[in-house]
file start.cif (mmCIF, C-alpha atoms)
data_my_file
loop_
_atom_site.group_PDB
_atom_site.id
_atom_site.type_symbol
_atom_site.label_atom_id
_atom_site.label_comp_id
_atom_site.auth_asym_id
_atom_site.auth_seq_id
_atom_site.Cartn_x
_atom_site.Cartn_y
_atom_site.Cartn_z
ATOM 1 C CA MET A 253 172.324 159.495 38.235
ATOM 2 C CA SER A 254 173.782 161.816 35.610
ATOM 3 C CA LYS A 255 176.734 160.664 33.505
ATOM 4 C CA LEU A 256 178.943 163.443 34.899
ATOM 5 C CA LYS A 257 178.075 162.579 38.498
ATOM 6 C CA LYS A 258 178.712 158.879 37.822
ATOM 7 C CA ALA A 259 182.091 159.724 36.235
ATOM 8 C CA ILE A 260 183.094 161.773 39.300
ATOM 9 C CA PHE A 261 181.568 159.709 42.096
ATOM 10 C CA GLY A 262 181.257 156.244 40.558
ATOM 11 C CA SER A 263 178.462 154.402 42.301
ATOM 12 C CA GLY A 264 178.345 157.240 44.859
ATOM 13 C CA SER A 265 175.580 157.355 47.431
ATOM 14 C CA ASP A 266 173.506 154.959 45.314
ATOM 15 C CA SER A 267 175.748 152.166 46.624
ATOM 16 C CA ILE A 268 175.256 152.814 50.356
ATOM 17 C CA SER A 269 174.530 149.537 52.117
ATOM 18 C CA SER A 270 171.600 149.122 54.502
ATOM 19 C CA GLU A 271 172.047 150.152 58.136
ATOM 20 C CA LYS A 272 171.595 146.529 59.176
ATOM 21 C CA GLU A 273 174.288 145.290 56.788
ATOM 22 C CA ILE A 274 176.714 148.018 57.877
ATOM 23 C CA ALA A 275 176.124 147.242 61.566
ATOM 24 C CA GLU A 276 176.694 143.516 60.924
ATOM 25 C CA PHE A 277 180.019 144.115 59.188
ATOM 26 C CA ILE A 278 181.166 146.507 61.916
ATOM 27 C CA LYS A 279 180.180 143.948 64.554
ATOM 28 C CA LYS A 280 182.309 141.369 62.691
ATOM 29 C CA GLU A 281 185.256 143.772 63.016
ATOM 30 C CA ALA A 282 185.367 145.073 59.473
ATOM 31 C CA PHE A 283 188.125 147.508 58.576
ATOM 32 C CA ILE A 284 186.658 151.040 58.676
ATOM 33 C CA LEU A 285 188.074 153.511 56.170
ATOM 34 C CA ASP A 286 187.420 157.249 56.369
ATOM 35 C CA VAL A 287 187.917 158.750 52.889
ATOM 36 C CA ARG A 288 187.289 162.362 53.903
ATOM 37 C CA THR A 289 190.017 164.986 53.679
ATOM 38 C CA PHE A 290 192.540 165.310 56.511
ATOM 39 C CA TYR A 291 190.848 168.574 57.497
ATOM 40 C CA GLU A 292 187.431 166.890 57.770
ATOM 41 C CA ALA A 293 188.879 163.972 59.744
ATOM 42 C CA LYS A 294 190.507 166.348 62.242
ATOM 43 C CA LYS A 295 186.985 167.325 63.331
ATOM 44 C CA GLY A 296 186.323 163.746 64.416
ATOM 45 C CA ILE A 297 186.884 160.212 63.208
ATOM 46 C CA VAL A 298 185.034 156.988 63.929
ATOM 47 C CA PRO A 299 186.867 155.093 66.701
ATOM 48 C CA GLY A 300 189.048 152.401 65.146
ATOM 49 C CA ALA A 301 188.897 153.886 61.630
ATOM 50 C CA ILE A 302 191.847 155.061 59.597
ATOM 51 C CA ASN A 303 191.799 158.068 57.319
ATOM 52 C CA ILE A 304 193.038 157.818 53.754
ATOM 53 C CA PRO A 305 191.536 160.625 51.659
ATOM 54 C CA LEU A 306 189.830 159.632 48.423
ATOM 55 C CA TRP A 307 192.363 161.505 46.289
ATOM 56 C CA LYS A 308 195.117 159.222 47.607
ATOM 57 C CA LEU A 309 193.059 156.143 46.772
ATOM 58 C CA ARG A 310 192.507 157.494 43.254
ATOM 59 C CA LEU A 311 196.279 157.626 42.851
ATOM 60 C CA LYS A 312 196.475 154.055 44.205
ATOM 61 C CA ARG A 313 198.503 155.278 47.154
ATOM 62 C CA HIS A 314 198.278 153.402 50.430
ATOM 63 C CA LEU A 315 196.518 150.330 48.997
ATOM 64 C CA ASN A 316 199.200 148.194 50.641
ATOM 65 C CA GLU A 317 198.015 149.507 54.036
ATOM 66 C CA LEU A 318 194.555 147.971 53.592
ATOM 67 C CA PRO A 319 193.676 144.427 54.616
ATOM 68 C CA ARG A 320 192.686 141.954 51.938
ATOM 69 C CA ASN A 321 191.322 139.484 54.477
ATOM 70 C CA LYS A 322 188.602 141.761 55.899
ATOM 71 C CA THR A 323 185.637 143.611 54.479
ATOM 72 C CA ILE A 324 186.346 147.333 54.245
ATOM 73 C CA VAL A 325 183.554 149.745 55.191
ATOM 74 C CA THR A 326 184.099 153.147 53.577
ATOM 75 C CA TYR A 327 182.558 156.401 54.761
ATOM 76 C CA CYS A 328 182.728 160.134 54.106
ATOM 77 C CA VAL A 329 180.245 162.947 54.760
ATOM 78 C CA THR A 330 177.357 161.858 52.527
ATOM 79 C CA GLY A 331 178.362 158.531 50.997
ATOM 80 C CA GLU A 332 179.321 159.996 47.597
ATOM 81 C CA ARG A 333 183.100 159.772 48.012
ATOM 82 C CA ALA A 334 182.715 156.524 49.946
ATOM 83 C CA GLY A 335 180.964 155.098 46.863
ATOM 84 C CA LYS A 336 183.838 156.141 44.610
ATOM 85 C CA ALA A 337 186.316 154.651 47.092
ATOM 86 C CA LYS A 338 184.297 151.421 47.029
ATOM 87 C CA ASP A 339 184.575 151.300 43.226
ATOM 88 C CA ILE A 340 188.330 151.953 43.300
ATOM 89 C CA LEU A 341 188.981 149.340 45.971
ATOM 90 C CA GLU A 342 186.763 146.692 44.377
ATOM 91 C CA THR A 343 188.646 147.169 41.107
ATOM 92 C CA ALA A 344 191.860 146.548 43.073
ATOM 93 C CA GLY A 345 190.441 143.279 44.451
ATOM 94 C CA PHE A 346 189.208 144.307 47.904
ATOM 95 C CA LYS A 347 185.859 143.350 49.441
ATOM 96 C CA VAL A 348 184.141 146.668 50.211
ATOM 97 C CA ILE A 349 180.798 148.110 51.250
ATOM 98 C CA ASN A 350 179.805 151.765 51.211
ATOM 99 C CA GLY A 351 178.996 152.696 54.805
ATOM 100 C CA GLY A 352 177.688 156.123 53.841
ATOM 101 C CA SER A 353 178.219 158.978 56.238
ATOM 102 C CA TYR A 354 180.368 159.627 59.288
ATOM 103 C CA VAL A 355 177.225 160.120 61.400
ATOM 104 C CA GLY A 356 175.700 156.903 60.061
ATOM 105 C CA ILE A 357 178.793 154.881 60.939
ATOM 106 C CA LEU A 358 178.859 156.335 64.445
ATOM 107 C CA GLU A 359 175.229 155.296 64.872
ATOM 108 C CA SER A 360 176.029 151.808 63.578
ATOM 109 C CA LYS A 361 178.755 151.555 66.227
ATOM 110 C CA GLY A 362 176.283 152.695 68.881
ATOM 111 C CA LYS A 363 177.943 156.093 69.377
ATOM 112 C CA LYS A 364 176.362 159.480 68.688
#

call {"tool": "encode", "arguments": {"input": "start.cif", "output": "structure tokens"}}
result
Amino acid sequence: MSKLKKAIFGSGSDSISSEKEIAEFIKKEAFILDVRTFYEAKKGIVPGAINIPLWKLRLKRHLNELPRNKTIVTYCVTGERAGKAKDILETAGFKVINGGSYVGILESKGKK
């Protein structure tokens, strides 16, 4: 990963967890966080997820809305922004895994 890409996306898509791990956390009722833009989320959101765009997490907005007693599964379109969200949230003390993409999370929940 280039230094510029790492600076922008943090661990990015390199931190996407395995499909099995993601499915296990979802089955255990993890908190699902959509970090796409509001416009992207309007096209469809994973059932049970909440949308807080990455830019708001970067500004540390809405952190008080996230549970500290559950694992948070982040997702976006490709896993890049979800990886950056994972880094931000871990730094703030949350337990987080990068769930990758919207489509991948839907598949993990058994919906397509």

call {"tool": "atom_distance", "arguments": {"input": "start.cif", "atom1": "CA of Arg333 (chain A)", "atom2": "CA of Pro319 (chain A)"}}
result
19.8 Å

call {"tool": "resolve_selection", "arguments": {"input": "start.cif", "expression": "the PyMOL selection byres ((chain A and resi 322) around 12)", "output": "list of chain:residue names"}}
result
A:Phe277, A:Ile278, A:Lys280, A:Glu281, A:Ala282, A:Phe283, A:Ile284, A:Leu285, A:Leu318, A:Pro319, A:Arg320, A:Asn321, A:Thr323, A:Ile324, A:Val325, A:Gly345, A:Phe346, A:Lys347, A:Val348, A:Ile349

call {"tool": "atom_distance", "arguments": {"input": "start.cif", "atom1": "CA of Leu315 (chain A)", "atom2": "CA of Leu341 (chain A)"}}
result
8.2 Å

call {"tool": "resolve_selection", "arguments": {"input": "start.cif", "expression": "the PyMOL selection byres ((chain A and resi 338) around 12)", "output": "PyMOL selection string"}}
result
chain A and resi 261-269+284-287+306+309-310+323-328+331-337+339-352

call {"tool": "axis_aligned_box", "arguments": {"input": "start.cif", "around": "region 273-291 of chain A", "padding_each_side": "6 Å", "output": "AutoDock Vina command-line options"}}
result
--center_x 183.4 --center_y 155.0 --center_z 58.7 --size_x 30.3 --size_y 39.2 --size_z 23.7

call {"tool": "closest_residue", "arguments": {"input": "start.cif", "among": "A:Ser353, A:Asn303, A:Thr330, A:Ser360", "to": "Lys279 (chain A)", "atoms": "all atoms listed in the file"}}
result
A:Ser360

call {"tool": "residues_around", "arguments": {"input": "start.cif", "residues": "Gly362 (chain A)", "least_positions_apart": "3", "cutoff": "12 Å", "atoms": "only C-alpha atoms", "output": "list in words"}}
result
Glu271, Ile274, Ala275, Ile278, Lys279, Val298, Pro299, Val355, Gly356, Ile357, Leu358 and Glu359 of chain A

call {"tool": "closest_residue", "arguments": {"input": "start.cif", "among": "A:Lys361, A:Pro305, A:Tyr354, A:Glu317", "to": "Val329 (chain A)", "atoms": "all atoms listed in the file"}}
result
A:Tyr354

call {"tool": "atom_distance", "arguments": {"input": "start.cif", "atom1": "CA of Tyr291 (chain A)", "atom2": "CA of His314 (chain A)"}}
result
18.3 Å
